[in-house]
Amino acid sequence: MKPVLRRWVLLPTIIVVPIIVTVVWISMKPEPEQREDETLDLLVEVLRLEVSAASFEIRSQGTVRPRTQTTVSAEISGSIVSISPKFNAGGIFQADEVLMRIDPTNYAVAVDKAEALIKQRQIEYDGSKKLRSQGYRAESEFASAAAALASAQAELVNARRNLERTYIRLPYEGMVRSKDADLGQFVNPGTPLGVTFATNIAEVRLPLTDHDLAFVELPDASAIRQTGIADGPLVKLSAVQKGRLTQWDAQIVRSEGVVDERSRVTYAVARILDPYQLHGQGIPLPVGTFVSARIQGSTVLDVIRVPRAALRGANQLLVVNDEYKLEIRTVDVIRADAEFAYLGSGVVAGESIAITAIEAPTNGMSVRTAESIAAEKALGDDEKLASRVGEE
């Protein structure tokens, strides 16, 4: 055979024979076992419900205010001749301490004149009384002398009182909030001199909604009728001071007794003793501080507590029944905070709820849980054991 012809015969043989061998080998290979696609149900974490007692805390907030605040005004006219160094904003003073003095000259003179007038009226009265006893004076003249003496005595009382008013004092230990008059200034009755407040007690007005009032026992009007205050729930106040969260103890002593017409809230008043710690060793709580409040609420028995995140919307839970199917259940939420919701009805103790977030749950949707997986595994082991026993 010629070389050219031989080349054209061998070339197709080299290409075709491996293809034929490959096709035959593939056709002889057994087909792989066909397995059905298995769709697994969604795996969720569940929580078994229990009944317990819950003590609620009511959250509120407010601003610290002084219980007693005074706008100090002049009661007489005159020039201010002296001012205490404590009578400046932030100054602390004692009860009945002299904070300011108005020029007393005219008022001291008025006292002297009233005392001299009394001596004169007393002489006239004594003479009139003696002459009346001897029958030389009429009863009307004696009465006139007695009235003149009484008037002079009243003038002395008024003059001494005006002299006392030249001293500016306050009947409590306190702090100066602002000073509105200074040395040498002439003042008239009613001229504002400054603003002060007592440091023994401060108060915080805490707004409470009608829902909050169901869980806190506020003093009622009959309880505070006699003294103006009553022992109510304890309160923990907190605020950030110097970069740190600081807490103070307080107590509800009264409510304002009316519902605010605009906000529809009731204000409870919490009392703080010695807020500036002038007689203690604690951390001062300055007036004007904005504080958060946690009020000790009442204890409710037989409630079910669930994580707040388990709620769908405002009042729905995903209950996992005994067949591991979902039930979308509407529940009665009696109270909720940032962490938990407290249920009064809608579910019962012993039921399980899904606490895994599910994007689009439906009633009857099948799910898997750790309990169901364990049960399936146990059932599979039992079937394998039974199969082995049957083979033996």
# chains A, B, ... in the order shown; residues from 1 in each chain; ligands from 1

$ closest_atom_pairs --of "segment 177-212 of chain A" --to "segment 81-91 of chain A" --cutoff "9 Å" --atoms "only C-alpha atoms" --output "Markdown table"
| residue | atom | partner | partner_atom | distance |
| --- | --- | --- | --- | --- |
| A:Arg177 | CA | A:Ala89 | CA | 4.9 |
| A:Ser178 | CA | A:Ala89 | CA | 4.8 |
| A:Lys179 | CA | A:Asn88 | CA | 5.8 |
| A:Asp182 | CA | A:Ile83 | CA | 7.5 |
| A:Leu183 | CA | A:Val81 | CA | 6.0 |
| A:Gly184 | CA | A:Val81 | CA | 5.9 |
| A:Gln185 | CA | A:Val81 | CA | 8.4 |
| A:Gly194 | CA | A:Phe87 | CA | 8.6 |
| A:Val195 | CA | A:Ala89 | CA | 8.8 |
| A:Thr196 | CA | A:Ala89 | CA | 8.8 |

$ residues_around --residues "Ser366 of chain A" --least-positions-apart "2" --cutoff "12 Å" --atoms "only C-alpha atoms" --output "list in words"
Thr39, Leu40, Asp41, Leu42, Leu43, Val44, Leu318, Val319, Val320, Asn321, Asp322, Glu323, Tyr324, Lys325, Leu326, Glu327, Ala354, Pro361, Thr362, Asn363, Gly364, Arg368, Thr369 and Ser372 of chain A

$ write_last_selection --atoms "N, CA and C atoms" --output "compact mmCIF listing (two decimals), in the first residue's frame"
# COMPACT_ATOMS: atom_id res chain seq x y z
N THR A 39 -36.58 18.31 51.32
CA THR A 39 -36.72 19.68 51.83
C THR A 39 -36.92 19.62 53.33
N LEU A 40 -36.01 20.22 54.06
CA LEU A 40 -36.09 20.20 55.52
C LEU A 40 -36.91 21.38 56.02
N ASP A 41 -37.70 21.14 57.06
CA ASP A 41 -38.46 22.22 57.69
C ASP A 41 -37.52 23.17 58.41
N LEU A 42 -38.01 24.39 58.63
CA LEU A 42 -37.21 25.42 59.28
C LEU A 42 -36.89 25.02 60.72
N LEU A 43 -35.62 25.17 61.09
CA LEU A 43 -35.19 24.86 62.46
C LEU A 43 -35.36 26.11 63.32
N VAL A 44 -36.11 25.98 64.43
CA VAL A 44 -36.36 27.13 65.31
C VAL A 44 -36.00 26.77 66.74
N LEU A 318 -45.79 33.14 68.31
CA LEU A 318 -45.76 31.94 67.47
C LEU A 318 -45.68 30.73 68.38
N VAL A 319 -46.81 30.04 68.56
CA VAL A 319 -46.87 28.87 69.41
C VAL A 319 -46.52 27.63 68.59
N VAL A 320 -45.63 26.78 69.11
CA VAL A 320 -45.28 25.52 68.45
C VAL A 320 -46.05 24.41 69.17
N ASN A 321 -47.01 23.77 68.46
CA ASN A 321 -47.85 22.76 69.11
C ASN A 321 -47.15 21.41 69.18
N ASP A 322 -47.88 20.42 69.67
CA ASP A 322 -47.27 19.09 69.86
C ASP A 322 -46.90 18.42 68.54
N GLU A 323 -47.48 18.88 67.43
CA GLU A 323 -47.15 18.32 66.12
C GLU A 323 -46.07 19.13 65.41
N TYR A 324 -45.46 20.04 66.16
CA TYR A 324 -44.38 20.90 65.64
C TYR A 324 -44.86 21.73 64.45
N LYS A 325 -46.04 22.29 64.64
CA LYS A 325 -46.61 23.22 63.66
C LYS A 325 -46.87 24.56 64.36
N LEU A 326 -46.78 25.62 63.60
CA LEU A 326 -46.94 26.96 64.16
C LEU A 326 -48.41 27.33 64.30
N GLU A 327 -48.72 28.03 65.40
CA GLU A 327 -50.01 28.66 65.60
C GLU A 327 -49.76 30.13 65.93
N ALA A 354 -41.98 29.88 69.61
CA ALA A 354 -40.76 30.06 68.82
C ALA A 354 -40.16 31.42 69.15
N PRO A 361 -44.17 33.73 58.75
CA PRO A 361 -44.81 32.55 59.33
C PRO A 361 -46.28 32.46 58.92
N THR A 362 -46.77 31.23 58.88
CA THR A 362 -48.18 31.00 58.58
C THR A 362 -48.72 29.96 59.54
N ASN A 363 -50.02 29.99 59.76
CA ASN A 363 -50.65 28.97 60.61
C ASN A 363 -50.48 27.59 59.97
N GLY A 364 -50.06 26.61 60.77
CA GLY A 364 -49.86 25.25 60.28
C GLY A 364 -48.51 25.00 59.67
N ARG A 368 -38.91 22.52 62.72
CA ARG A 368 -38.11 21.55 63.48
C ARG A 368 -37.57 22.22 64.73
N THR A 369 -37.47 21.45 65.77
CA THR A 369 -36.87 21.93 67.01
C THR A 369 -35.83 20.91 67.47
N SER A 372 -37.68 17.83 68.42
CA SER A 372 -38.19 16.99 67.33
C SER A 372 -37.05 16.24 66.64

$ closest_residue --among "A:Glu339, A:Glu173, A:Glu217, A:Glu141" --to "Gln296 of chain A" --atoms "only C-alpha atoms"
A:Glu217

$ closest_residue --among "A:Phe290, A:Glu376, A:Ala145, A:Ile295" --to "Arg132 of chain A" --atoms "only C-alpha atoms"
A:Ala145

$ closest_residue --among "A:Leu278, A:Leu163, A:Ile373, A:Ile168" --to "Ile92 of chain A" --atoms "only C-alpha atoms"
A:Leu278

$ select_by_dssp --residues "segment 112-281 of chain A" --states "strand (DSSP E or B)" --output "compact mmCIF listing (two decimals) with C-alpha atoms, in the first residue's frame"
# COMPACT_ATOMS: atom_id res chain seq x y z
CA TYR A 167 -32.48 92.92 108.45
CA ILE A 168 -33.10 90.56 105.51
CA GLY A 174 -30.86 77.38 101.93
CA MET A 175 -29.02 78.46 98.83
CA VAL A 176 -29.08 81.69 96.85
CA ARG A 177 -30.30 81.17 93.30
CA SER A 178 -29.88 84.74 92.08
CA LYS A 179 -29.03 88.19 93.46
CA PHE A 186 -32.14 102.27 97.07
CA VAL A 187 -35.10 99.95 97.37
CA PRO A 192 -36.95 92.17 94.39
CA LEU A 193 -33.66 91.47 96.13
CA GLY A 194 -32.99 87.92 94.96
CA VAL A 195 -34.26 84.33 94.78
CA THR A 196 -33.42 81.65 97.33
CA PHE A 197 -34.55 78.09 98.03
CA ALA A 198 -34.42 75.66 100.95
CA ILE A 201 -35.85 68.90 100.66
CA ALA A 202 -36.09 68.76 96.88
CA GLU A 203 -38.83 67.28 94.73
CA VAL A 204 -39.30 65.73 91.30
CA ARG A 205 -42.59 65.72 89.40
CA LEU A 206 -42.93 62.35 87.66
CA PRO A 207 -45.57 61.97 84.93
CA LEU A 208 -47.49 58.67 84.99
CA LEU A 234 -39.63 54.01 96.82
CA VAL A 235 -37.94 55.59 93.83
CA LYS A 236 -34.45 55.24 92.39
CA LEU A 237 -33.30 58.37 90.56
CA SER A 238 -30.37 58.32 88.15
CA ALA A 239 -28.45 60.84 86.07
CA VAL A 240 -25.04 61.17 84.47
CA GLN A 241 -22.71 63.34 86.55
CA ARG A 244 -20.68 58.62 85.47
CA LEU A 245 -24.14 57.23 86.03
CA THR A 246 -25.09 58.24 89.58
CA GLN A 247 -28.12 57.17 91.62
CA TRP A 248 -30.08 58.67 94.51
CA ASP A 249 -32.87 57.38 96.73
CA ALA A 250 -36.24 59.12 96.83
CA GLN A 251 -39.83 58.37 97.82
CA ILE A 252 -43.24 59.23 96.45
CA VAL A 253 -44.98 61.42 99.04
CA ARG A 254 -48.06 62.61 97.15
CA SER A 255 -49.71 62.96 93.78
CA GLU A 256 -50.94 66.26 92.45
CA GLY A 257 -54.45 64.84 92.43
CA VAL A 258 -55.48 66.00 88.96
CA VAL A 259 -55.05 64.75 85.42
CA THR A 266 -51.00 62.27 86.47
CA TYR A 267 -48.01 63.74 88.26
CA ALA A 268 -46.54 61.94 91.26
CA VAL A 269 -44.15 63.91 93.47
CA ALA A 270 -40.98 62.24 94.75
CA ARG A 271 -39.11 63.75 97.70
CA ILE A 272 -35.31 63.81 98.08
CA LEU A 273 -33.92 64.56 101.55

$ residues_around --residues "Asp96 of chain A" --least-positions-apart "2" --cutoff "9 Å" --atoms "only C-alpha atoms" --output "count of residues only"
10

$ atom_distance --atom1 "atom CA of Ile328 of chain A" --atom2 "atom CA of Ala341 of chain A"
16.7 Å
